[in-house]
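Here is the file input18.cif (mmCIF, N, CA and C atoms).
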```cif
data_query
#
loop_
_atom_site.label_atom_id
_atom_site.label_comp_id
_atom_site.auth_asym_id
_atom_site.auth_seq_id
_atom_site.Cartn_x
_atom_site.Cartn_y
_atom_site.Cartn_z
N MET A 1 -163.75 46.36 29.51
CA MET A 1 -164.11 45.69 28.26
C MET A 1 -162.96 44.80 27.78
N GLN A 2 -161.71 45.27 27.99
CA GLN A 2 -160.56 44.47 27.58
C GLN A 2 -160.56 43.12 28.28
N PHE A 3 -160.89 43.13 29.60
CA PHE A 3 -160.92 41.91 30.38
C PHE A 3 -161.92 40.92 29.80
N LEU A 4 -163.11 41.39 29.48
CA LEU A 4 -164.14 40.50 28.92
C LEU A 4 -163.72 39.94 27.58
N ASN A 5 -163.09 40.77 26.75
CA ASN A 5 -162.60 40.28 25.46
C ASN A 5 -161.55 39.19 25.65
N GLY A 6 -160.66 39.40 26.62
CA GLY A 6 -159.61 38.42 26.89
C GLY A 6 -160.16 37.12 27.42
N VAL A 7 -161.08 37.18 28.37
CA VAL A 7 -161.69 35.97 28.91
C VAL A 7 -162.47 35.24 27.83
N THR A 8 -163.17 36.00 27.00
CA THR A 8 -163.91 35.38 25.90
C THR A 8 -162.96 34.64 24.96
N LEU A 9 -161.84 35.25 24.64
CA LEU A 9 -160.86 34.60 23.76
C LEU A 9 -160.31 33.32 24.41
N LEU A 10 -160.00 33.39 25.69
CA LEU A 10 -159.51 32.20 26.39
C LEU A 10 -160.56 31.09 26.38
N LEU A 11 -161.82 31.45 26.62
CA LEU A 11 -162.88 30.45 26.62
C LEU A 11 -163.16 29.90 25.23
N VAL A 12 -163.01 30.72 24.21
CA VAL A 12 -163.19 30.24 22.84
C VAL A 12 -162.11 29.19 22.51
N TYR A 13 -160.87 29.45 22.89
CA TYR A 13 -159.81 28.47 22.65
C TYR A 13 -160.07 27.19 23.44
N GLN A 14 -160.59 27.32 24.65
CA GLN A 14 -160.92 26.13 25.43
C GLN A 14 -162.04 25.35 24.74
N LEU A 15 -163.05 26.04 24.24
CA LEU A 15 -164.15 25.39 23.54
C LEU A 15 -163.68 24.70 22.27
N VAL A 16 -162.84 25.37 21.50
CA VAL A 16 -162.31 24.76 20.27
C VAL A 16 -161.50 23.51 20.60
N GLY A 17 -160.71 23.57 21.66
CA GLY A 17 -159.95 22.40 22.08
C GLY A 17 -160.86 21.27 22.49
N GLU A 18 -161.92 21.58 23.24
CA GLU A 18 -162.87 20.56 23.70
C GLU A 18 -163.60 19.92 22.52
N ILE A 19 -164.03 20.74 21.57
CA ILE A 19 -164.73 20.20 20.39
C ILE A 19 -163.79 19.33 19.57
N THR A 20 -162.56 19.77 19.38
CA THR A 20 -161.58 19.01 18.60
C THR A 20 -161.30 17.66 19.25
N VAL A 21 -161.13 17.65 20.56
CA VAL A 21 -160.86 16.39 21.28
C VAL A 21 -162.04 15.43 21.14
N ARG A 22 -163.23 15.95 21.28
CA ARG A 22 -164.42 15.08 21.18
C ARG A 22 -164.64 14.57 19.76
N LEU A 23 -164.42 15.42 18.76
CA LEU A 23 -164.60 14.99 17.37
C LEU A 23 -163.56 13.96 16.94
N LEU A 24 -162.31 14.17 17.35
CA LEU A 24 -161.23 13.28 16.93
C LEU A 24 -160.96 12.15 17.91
N GLY A 25 -161.63 12.18 19.07
CA GLY A 25 -161.42 11.14 20.07
C GLY A 25 -160.01 11.11 20.62
N LEU A 26 -159.40 12.27 20.79
CA LEU A 26 -158.03 12.35 21.29
C LEU A 26 -157.98 12.06 22.79
N PRO A 27 -156.91 11.45 23.26
CA PRO A 27 -156.83 11.08 24.68
C PRO A 27 -156.25 12.17 25.58
N ILE A 28 -156.48 13.44 25.24
CA ILE A 28 -156.00 14.53 26.09
C ILE A 28 -157.19 15.43 26.44
N PRO A 29 -157.10 16.17 27.53
CA PRO A 29 -158.20 17.07 27.89
C PRO A 29 -158.35 18.20 26.88
N GLY A 30 -159.58 18.56 26.59
CA GLY A 30 -159.85 19.64 25.65
C GLY A 30 -159.23 20.97 26.02
N PRO A 31 -159.30 21.38 27.30
CA PRO A 31 -158.67 22.65 27.67
C PRO A 31 -157.16 22.66 27.44
N VAL A 32 -156.52 21.50 27.59
CA VAL A 32 -155.08 21.44 27.34
C VAL A 32 -154.80 21.67 25.86
N LEU A 33 -155.57 21.03 24.99
CA LEU A 33 -155.40 21.24 23.55
C LEU A 33 -155.69 22.70 23.19
N GLY A 34 -156.73 23.27 23.79
CA GLY A 34 -157.02 24.69 23.56
C GLY A 34 -155.89 25.59 23.98
N MET A 35 -155.25 25.26 25.11
CA MET A 35 -154.12 26.05 25.59
C MET A 35 -152.94 25.94 24.62
N VAL A 36 -152.72 24.74 24.08
CA VAL A 36 -151.64 24.56 23.10
C VAL A 36 -151.95 25.37 21.84
N MET A 37 -153.20 25.35 21.41
CA MET A 37 -153.59 26.14 20.23
C MET A 37 -153.37 27.63 20.47
N LEU A 38 -153.75 28.10 21.67
CA LEU A 38 -153.53 29.50 22.01
C LEU A 38 -152.05 29.83 22.02
N PHE A 39 -151.25 28.95 22.59
CA PHE A 39 -149.80 29.17 22.64
C PHE A 39 -149.22 29.28 21.23
N ILE A 40 -149.63 28.39 20.33
CA ILE A 40 -149.14 28.42 18.95
C ILE A 40 -149.56 29.72 18.27
N THR A 41 -150.80 30.12 18.50
CA THR A 41 -151.29 31.37 17.93
C THR A 41 -150.46 32.56 18.42
N LEU A 42 -150.18 32.59 19.72
CA LEU A 42 -149.39 33.70 20.28
C LEU A 42 -147.96 33.68 19.76
N MET A 43 -147.41 32.49 19.58
CA MET A 43 -146.05 32.38 19.02
C MET A 43 -146.02 32.90 17.58
N ILE A 44 -147.01 32.57 16.81
CA ILE A 44 -147.07 33.03 15.41
C ILE A 44 -147.23 34.55 15.37
N ARG A 45 -148.10 35.08 16.23
CA ARG A 45 -148.32 36.54 16.26
C ARG A 45 -147.11 37.28 16.80
N GLY A 46 -146.37 36.63 17.69
CA GLY A 46 -145.19 37.26 18.25
C GLY A 46 -145.45 38.19 19.42
N ARG A 47 -146.68 38.31 19.84
CA ARG A 47 -147.01 39.16 20.98
C ARG A 47 -148.33 38.69 21.57
N THR A 48 -148.57 39.15 22.79
CA THR A 48 -149.83 38.82 23.47
C THR A 48 -150.76 40.03 23.38
N PRO A 49 -151.98 39.84 22.91
CA PRO A 49 -152.92 40.97 22.88
C PRO A 49 -153.16 41.52 24.28
N GLU A 50 -153.40 42.80 24.37
CA GLU A 50 -153.62 43.46 25.66
C GLU A 50 -154.78 42.83 26.42
N SER A 51 -155.83 42.45 25.69
CA SER A 51 -157.00 41.87 26.36
C SER A 51 -156.66 40.53 27.02
N VAL A 52 -155.89 39.70 26.33
CA VAL A 52 -155.49 38.40 26.90
C VAL A 52 -154.54 38.62 28.06
N ASP A 53 -153.66 39.59 27.94
CA ASP A 53 -152.73 39.89 29.04
C ASP A 53 -153.49 40.33 30.29
N GLN A 54 -154.47 41.20 30.12
CA GLN A 54 -155.26 41.67 31.27
C GLN A 54 -156.06 40.53 31.89
N ALA A 55 -156.69 39.72 31.05
CA ALA A 55 -157.52 38.63 31.57
C ALA A 55 -156.68 37.59 32.29
N SER A 56 -155.55 37.22 31.70
CA SER A 56 -154.71 36.20 32.34
C SER A 56 -154.10 36.73 33.63
N SER A 57 -153.72 37.99 33.67
CA SER A 57 -153.18 38.57 34.90
C SER A 57 -154.24 38.59 36.00
N ALA A 58 -155.46 38.95 35.65
CA ALA A 58 -156.54 38.98 36.63
C ALA A 58 -156.85 37.58 37.15
N LEU A 59 -156.89 36.60 36.25
CA LEU A 59 -157.16 35.23 36.67
C LEU A 59 -156.03 34.70 37.56
N LEU A 60 -154.81 35.00 37.22
CA LEU A 60 -153.68 34.54 38.04
C LEU A 60 -153.65 35.21 39.40
N SER A 61 -154.09 36.45 39.47
CA SER A 61 -154.09 37.14 40.77
C SER A 61 -155.12 36.54 41.72
N HIS A 62 -156.12 35.87 41.19
CA HIS A 62 -157.15 35.23 42.02
C HIS A 62 -157.06 33.70 41.96
N LEU A 63 -155.89 33.20 41.63
CA LEU A 63 -155.70 31.75 41.47
C LEU A 63 -156.01 30.99 42.75
N SER A 64 -155.71 31.58 43.89
CA SER A 64 -155.94 30.87 45.16
C SER A 64 -157.41 30.51 45.36
N LEU A 65 -158.32 31.28 44.79
CA LEU A 65 -159.75 30.97 44.91
C LEU A 65 -160.10 29.66 44.21
N LEU A 66 -159.33 29.30 43.19
CA LEU A 66 -159.61 28.07 42.46
C LEU A 66 -159.26 26.82 43.26
N PHE A 67 -158.52 26.99 44.35
CA PHE A 67 -158.18 25.84 45.19
C PHE A 67 -159.23 25.58 46.26
N VAL A 68 -160.20 26.46 46.42
CA VAL A 68 -161.24 26.27 47.44
C VAL A 68 -162.04 24.99 47.18
N PRO A 69 -162.51 24.72 45.96
CA PRO A 69 -163.24 23.47 45.75
C PRO A 69 -162.41 22.22 46.07
N ALA A 70 -161.13 22.24 45.76
CA ALA A 70 -160.28 21.10 46.08
C ALA A 70 -160.16 20.92 47.58
N GLY A 71 -160.03 22.00 48.32
CA GLY A 71 -159.96 21.93 49.78
C GLY A 71 -161.25 21.41 50.38
N VAL A 72 -162.38 21.85 49.84
CA VAL A 72 -163.67 21.37 50.32
C VAL A 72 -163.81 19.87 50.04
N GLY A 73 -163.36 19.46 48.86
CA GLY A 73 -163.41 18.03 48.52
C GLY A 73 -162.56 17.19 49.45
N MET A 74 -161.40 17.72 49.83
CA MET A 74 -160.55 16.98 50.76
C MET A 74 -161.22 16.85 52.12
N MET A 75 -161.87 17.90 52.57
CA MET A 75 -162.54 17.83 53.87
C MET A 75 -163.75 16.89 53.81
N ALA A 76 -164.45 16.89 52.70
CA ALA A 76 -165.62 16.02 52.56
C ALA A 76 -165.22 14.54 52.52
N HIS A 77 -164.04 14.24 52.00
CA HIS A 77 -163.58 12.86 51.88
C HIS A 77 -162.41 12.57 52.81
N PHE A 78 -162.34 13.28 53.91
CA PHE A 78 -161.20 13.14 54.83
C PHE A 78 -161.06 11.71 55.36
N GLY A 79 -162.17 11.05 55.64
CA GLY A 79 -162.12 9.67 56.14
C GLY A 79 -161.46 8.73 55.15
N ARG A 80 -161.81 8.85 53.90
CA ARG A 80 -161.21 8.00 52.88
C ARG A 80 -159.72 8.31 52.70
N ILE A 81 -159.38 9.59 52.73
CA ILE A 81 -157.98 9.99 52.62
C ILE A 81 -157.18 9.44 53.80
N ALA A 82 -157.77 9.48 54.99
CA ALA A 82 -157.09 8.95 56.17
C ALA A 82 -156.89 7.44 56.06
N ASP A 83 -157.86 6.74 55.47
CA ASP A 83 -157.75 5.29 55.31
C ASP A 83 -156.69 4.91 54.27
N GLU A 84 -156.52 5.72 53.28
CA GLU A 84 -155.62 5.38 52.17
C GLU A 84 -154.45 6.36 52.07
N TRP A 85 -153.94 6.82 53.20
CA TRP A 85 -152.88 7.82 53.21
C TRP A 85 -151.58 7.32 52.61
N LEU A 86 -151.24 6.04 52.81
CA LEU A 86 -149.96 5.53 52.31
C LEU A 86 -149.91 5.51 50.78
N PRO A 87 -150.89 4.89 50.10
CA PRO A 87 -150.81 4.93 48.62
C PRO A 87 -150.90 6.34 48.05
N ILE A 88 -151.68 7.20 48.70
CA ILE A 88 -151.79 8.58 48.23
C ILE A 88 -150.44 9.29 48.37
N THR A 89 -149.79 9.10 49.52
CA THR A 89 -148.49 9.73 49.76
C THR A 89 -147.44 9.22 48.78
N LEU A 90 -147.42 7.90 48.57
CA LEU A 90 -146.45 7.33 47.62
C LEU A 90 -146.69 7.83 46.21
N ALA A 91 -147.95 7.89 45.80
CA ALA A 91 -148.28 8.38 44.46
C ALA A 91 -147.85 9.84 44.30
N LEU A 92 -148.10 10.66 45.32
CA LEU A 92 -147.71 12.07 45.25
C LEU A 92 -146.20 12.23 45.18
N LEU A 93 -145.49 11.50 46.03
CA LEU A 93 -144.02 11.60 46.03
C LEU A 93 -143.43 11.10 44.72
N LEU A 94 -143.89 9.94 44.25
CA LEU A 94 -143.35 9.38 43.02
C LEU A 94 -143.66 10.28 41.82
N SER A 95 -144.90 10.77 41.74
CA SER A 95 -145.24 11.63 40.61
C SER A 95 -144.47 12.95 40.65
N THR A 96 -144.19 13.45 41.86
CA THR A 96 -143.41 14.68 41.98
C THR A 96 -141.99 14.47 41.50
N VAL A 97 -141.37 13.36 41.91
CA VAL A 97 -140.00 13.06 41.47
C VAL A 97 -139.95 12.86 39.96
N ILE A 98 -140.90 12.10 39.42
CA ILE A 98 -140.93 11.86 37.97
C ILE A 98 -141.10 13.18 37.22
N THR A 99 -141.98 14.05 37.71
CA THR A 99 -142.20 15.34 37.06
C THR A 99 -140.94 16.20 37.11
N MET A 100 -140.27 16.22 38.24
CA MET A 100 -139.04 17.03 38.36
C MET A 100 -137.95 16.50 37.43
N VAL A 101 -137.79 15.19 37.35
CA VAL A 101 -136.77 14.61 36.46
C VAL A 101 -137.13 14.89 35.00
N ALA A 102 -138.39 14.68 34.64
CA ALA A 102 -138.81 14.94 33.26
C ALA A 102 -138.63 16.41 32.90
N THR A 103 -138.97 17.31 33.81
CA THR A 103 -138.80 18.74 33.56
C THR A 103 -137.33 19.09 33.37
N ALA A 104 -136.46 18.53 34.20
CA ALA A 104 -135.03 18.80 34.07
C ALA A 104 -134.49 18.30 32.74
N LEU A 105 -134.90 17.10 32.33
CA LEU A 105 -134.43 16.56 31.05
C LEU A 105 -134.94 17.37 29.87
N ILE A 106 -136.20 17.75 29.92
CA ILE A 106 -136.77 18.57 28.84
C ILE A 106 -136.08 19.93 28.79
N MET A 107 -135.79 20.49 29.95
CA MET A 107 -135.08 21.78 30.00
C MET A 107 -133.70 21.66 29.38
N GLN A 108 -132.99 20.58 29.67
CA GLN A 108 -131.66 20.39 29.09
C GLN A 108 -131.74 20.28 27.57
N VAL A 109 -132.70 19.50 27.08
CA VAL A 109 -132.83 19.33 25.63
C VAL A 109 -133.19 20.65 24.95
N THR A 110 -134.16 21.37 25.49
CA THR A 110 -134.56 22.63 24.86
C THR A 110 -133.47 23.68 24.98
N THR A 111 -132.72 23.66 26.06
CA THR A 111 -131.60 24.60 26.20
C THR A 111 -130.56 24.34 25.12
N ARG A 112 -130.28 23.09 24.85
CA ARG A 112 -129.32 22.75 23.78
C ARG A 112 -129.84 23.22 22.42
N TRP A 113 -131.14 23.04 22.18
CA TRP A 113 -131.72 23.47 20.90
C TRP A 113 -131.56 24.96 20.71
N PHE A 114 -131.83 25.74 21.76
CA PHE A 114 -131.83 27.19 21.63
C PHE A 114 -130.44 27.79 21.73
N THR A 115 -129.51 27.14 22.40
CA THR A 115 -128.17 27.71 22.52
C THR A 115 -127.30 27.39 21.32
N LYS A 116 -127.58 26.29 20.62
CA LYS A 116 -126.80 25.95 19.42
C LYS A 116 -126.89 27.03 18.36
N PRO A 117 -128.12 27.43 17.98
CA PRO A 117 -128.20 28.49 16.96
C PRO A 117 -127.54 29.79 17.41
N LEU A 118 -127.65 30.12 18.69
CA LEU A 118 -127.02 31.35 19.18
C LEU A 118 -125.50 31.24 19.11
N ALA A 119 -124.96 30.08 19.48
CA ALA A 119 -123.52 29.89 19.44
C ALA A 119 -123.02 29.92 17.99
N GLU A 120 -123.77 29.32 17.08
CA GLU A 120 -123.39 29.32 15.66
C GLU A 120 -123.44 30.74 15.09
N ASN A 121 -124.46 31.50 15.48
CA ASN A 121 -124.56 32.88 15.01
C ASN A 121 -123.41 33.72 15.53
N GLY A 122 -122.99 33.45 16.74
CA GLY A 122 -121.86 34.20 17.32
C GLY A 122 -120.57 33.91 16.59
N LYS A 123 -120.37 32.67 16.12
CA LYS A 123 -119.15 32.31 15.40
C LYS A 123 -119.09 32.98 14.05
N HIS A 124 -120.25 33.15 13.40
CA HIS A 124 -120.25 33.75 12.07
C HIS A 124 -120.01 35.25 12.10
N ASP A 125 -120.29 35.88 13.25
CA ASP A 125 -120.11 37.32 13.35
C ASP A 125 -118.65 37.72 13.46
N GLU A 126 -117.81 36.81 13.92
CA GLU A 126 -116.40 37.16 14.15
C GLU A 126 -115.60 37.20 12.90
#
```
Would you kindly transcribe this structure into structure tokens?
Amino acid sequence: MQFLNGVTLLLVYQLVGEITVRLLGLPIPGPVLGMVMLFITLMIRGRTPESVDQASSALLSHLSLLFVPAGVGMMAHFGRIADEWLPITLALLLSTVITMVATALIMQVTTRWFTKPLAENGKHDE
């Protein structure tokens, strides 16, 4: 029952995100907005409910199954992929490098944000 409650909660947040995006005409996917809303809710609560923890763990343990449709799509369109391998490869490589650089920069900025208060707190204790 906990699993069903957790999946239901995850799907409700996805639905709320989808409705919000469609009503406001936002240029982001609804599930992404729903995930952000769920993250904010969990941050405010300060803990993850057991049902969400069980559901997310179960979904993550079967994550490889979610790649089956993508693999089937690649096989169905193999001819087109073979014809356009160079632009696809360049796009994948460039997007990977950009993502890694952006992640590193964001990590540096957030690390500075979180270590400053800790360093200041340490100075006041002495």
Revision key, fill the gap. Between A:Trp113, A:Glu18, A:Ser56, A:Arg45, smallest distance to Gly6 of chain A by all atoms listed in the file belongs to A:Ser56
Review point. Got a sec to resolve the PyMOL selection byres (((chain A and resi 7-11 and name CA) around 8) and name CA) on this structure and send the residues as a PyMOL selection string?
Key: chain A and resi 3-6+12-15+38+51-52+55-56
Output N, CA and C atoms of each residue in that selection to a file, as a compact mmCIF listing (two decimals), in the coordinates of the input.
```txt
# COMPACT_ATOMS: atom_id res chain seq x y z
N PHE A 3 -160.89 43.13 29.60
CA PHE A 3 -160.92 41.91 30.38
C PHE A 3 -161.92 40.92 29.80
N LEU A 4 -163.11 41.39 29.48
CA LEU A 4 -164.14 40.50 28.92
C LEU A 4 -163.72 39.94 27.58
N ASN A 5 -163.09 40.77 26.75
CA ASN A 5 -162.60 40.28 25.46
C ASN A 5 -161.55 39.19 25.65
N GLY A 6 -160.66 39.40 26.62
CA GLY A 6 -159.61 38.42 26.89
C GLY A 6 -160.16 37.12 27.42
N VAL A 12 -163.01 30.72 24.21
CA VAL A 12 -163.19 30.24 22.84
C VAL A 12 -162.11 29.19 22.51
N TYR A 13 -160.87 29.45 22.89
CA TYR A 13 -159.81 28.47 22.65
C TYR A 13 -160.07 27.19 23.44
N GLN A 14 -160.59 27.32 24.65
CA GLN A 14 -160.92 26.13 25.43
C GLN A 14 -162.04 25.35 24.74
N LEU A 15 -163.05 26.04 24.24
CA LEU A 15 -164.15 25.39 23.54
C LEU A 15 -163.68 24.70 22.27
N LEU A 38 -153.75 28.10 21.67
CA LEU A 38 -153.53 29.50 22.01
C LEU A 38 -152.05 29.83 22.02
N SER A 51 -155.83 42.45 25.69
CA SER A 51 -157.00 41.87 26.36
C SER A 51 -156.66 40.53 27.02
N VAL A 52 -155.89 39.70 26.33
CA VAL A 52 -155.49 38.40 26.90
C VAL A 52 -154.54 38.62 28.06
N ALA A 55 -156.69 39.72 31.05
CA ALA A 55 -157.52 38.63 31.57
C ALA A 55 -156.68 37.59 32.29
N SER A 56 -155.55 37.22 31.70
CA SER A 56 -154.71 36.20 32.34
C SER A 56 -154.10 36.73 33.63
```
Point to revise | atom N of Ala102 of chain A to atom CA of Thr115 of chain A, straight-line distance in Å | key: 20.5 Å
Point to revise | Atom pair atom CA of Leu33 of chain A / atom N of Thr20 of chain A: separation (Å) | key: 8.4 Å
**Study point:** Interatomic distance (Å, one decimal) between atom C of Gly17 of chain A and atom CA of Phe39 of chain A
**Key:**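 Distance reported for this atom pair: 13.6 Å.
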Review point. Nearest to Glu50 of chain A: which of A:Pro31, A:Ile98, A:Gln2, A:Ala104 is it, counting all atoms listed in the file?
Key: A:Gln2
Let me have the centre and edge lengths in Å, one decimal, of the box along x, y and z around every listed atom of segment 104-117 of chain A with 5 Å of margin on each side, as JSON.
```
{"center_x": -131.8, "center_y": 23.2, "center_z": 25.6, "size_x": 20.0, "size_y": 23.2, "size_z": 27.2}
```
Review point. Among chain A, which residues carry a DSSP assignment of alpha helix (DSSP H), reported as number ranges by chain?
Key: A: 2-24, 30-45, 50-61, 68-76, 78-83, 85-125
